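Q: Quick one: structure below, then a few questions.
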Amino acid sequence: MTRIMVVDDDADIRELIRVYLVREGLTVVQASNGQEALSMLEITPADLVVLDVMMPLMDGWDLCRELRAQYDDLPLLMVTAKSESIHKVKGFQLGTDDYLVKPFDPVELVMRVKALLKRYRINAAQTITLGNVIIDHTAFEVRLQDQRLALPLKEFELLYKLASYPAQIFTRAQLIEQIWGIDYEGDDRTVDVHIKRLRERFEPLTEEFRIATIRGLGYRLEVKHD
């Protein structure tokens, strides 16, 4: 049974989200602030967390930071009244997977929750299929119809990371930390160079996906046939 934790100090918003998620067969647990959410997660694990930003005791920024530090594979959807780009950038830098601005359409929230769950399940499978492209993490190779492409390790890891979470935006800083490691001393333009190489490799071979630049934020992989 898939369990969603909703963290918001507004009981009415929590109930609105709960009603729509339960209609989709999801189990919902609720917390009114970040501290309560962390305590509950120690006892009752969740498969995804929907979190507000402005909350007492521990706000969504700090909660997002703590959740990403303690639960690296837990999907996070930030729901907030803050719509400025600087707040979205901050949310992605802290580790949120997606961002929805209040007031929001509950149906859209449900769709985003389902999409995040799907992305994380794809990542756990070790093999990603994008139309006629298969990215095999166990063999560290990409198969395109009858072709087998062996990529340099960092290029493969970068492609696999982006393909594991299609449509999710990754900042350069996130990709550097997750692919090259937190102690990497090079320039974050390294990401740009590797993205360019991946585009040069795959754009002539397939139209199943593209790596898009999201101005001011980072990169995401967009799938043509989902």
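Naming scheme: A, B, ... for chains in displayed order of the structure tokens; residues 1 onward per chain; ligands 1 onward as shown.
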Using the chain letters and numbers from this document, which residues of range 92-210 of chain A does DSSP assign to strand (DSSP E or B), as a list in words?

A: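 Here are the strand (DSSP E or B) residues of range 92-210 of chain A: Asp98, Tyr99, Leu100, Val101, Thr127, Ile128, Thr129, Leu130, Val133, Ile134, Ile135, Asp136, Glu141, Val142, Arg143, Leu144, Gln147, Arg148, Leu149, Phe170, Phe209 and Arg210 of chain A.
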
Q: Where does range 80-115 of chain A meet range 162-178 of chain A within 10 Å, residue by residue, with the nearest atom pair and distance in Å to one decimal for each, counting only C-alpha atoms, listed by chain and rising number, as CSV?

A:
```
residue,atom,partner,partner_atom,distance
A:Val89,CA,A:Thr171,CA,8.2
A:Phe92,CA,A:Thr171,CA,7.1
A:Gln93,CA,A:Thr171,CA,6.8
A:Leu94,CA,A:Gln174,CA,8.9
A:Gly95,CA,A:Gln174,CA,8.0
A:Thr96,CA,A:Ile169,CA,9.6
A:Asp97,CA,A:Gln168,CA,6.4
A:Asp98,CA,A:Gln168,CA,6.9
A:Ala115,CA,A:Pro166,CA,9.1
```

Q: List every residue of range 101-142 of chain A that DSSP, applied to the backbone of this structure, places in helix (DSSP H, G or I), and write the result as number ranges by chain.

A: A: 106-124

Q: Grab the residues selected above and save them as a short mmCIF file (atom, residue, chain, number, x, y, z; two decimals), in the first residue's frame with C-alpha atoms.

A:
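Result file again07.cif:
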```
data_model
loop_
_atom_site.label_atom_id
_atom_site.label_comp_id
_atom_site.auth_asym_id
_atom_site.auth_seq_id
_atom_site.Cartn_x
_atom_site.Cartn_y
_atom_site.Cartn_z
CA PRO A 106 -5.91 19.18 -6.53
CA VAL A 107 -6.19 17.09 -9.70
CA GLU A 108 -2.82 18.43 -10.88
CA LEU A 109 -1.31 17.61 -7.48
CA VAL A 110 -2.52 14.02 -7.76
CA MET A 111 -1.01 13.75 -11.24
CA ARG A 112 2.33 15.08 -10.00
CA VAL A 113 2.32 12.66 -7.07
CA LYS A 114 1.70 9.74 -9.43
CA ALA A 115 4.44 10.94 -11.79
CA LEU A 116 6.97 11.18 -8.95
CA LEU A 117 6.12 7.71 -7.69
CA LYS A 118 6.55 6.36 -11.22
CA ARG A 119 9.94 8.04 -11.61
CA TYR A 120 11.28 6.56 -8.40
CA ARG A 121 9.99 3.10 -9.27
CA ILE A 122 11.71 3.34 -12.65
CA ASN A 123 14.94 4.24 -10.91
CA ALA A 124 14.73 1.17 -8.68
#
```

Q: So, counting only C-alpha atoms, which residue among A:Leu63, A:Val53, A:Leu205, A:Leu198 is closest to Lys154 in chain A?

A: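 Result for the nearest residue to Lys154 in chain A: A:Leu198.
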
Q: I'd like the neighbourhood of Ile134 in chain A as a PyMOL selection string, where a residue qualifies if any of its atoms comes within 12 Å (using only C-alpha atoms), though same-chain residues fewer than 3 positions away should be ignored.

A: chain A and resi 126-131+137-149+159-160+163-164+206+208-209

Q: What is the CA of Val29 in chain A-CA of Leu77 in chain A distance in Å, reported with one decimal?

A: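 Distance reported for this atom pair: 14.9 Å.
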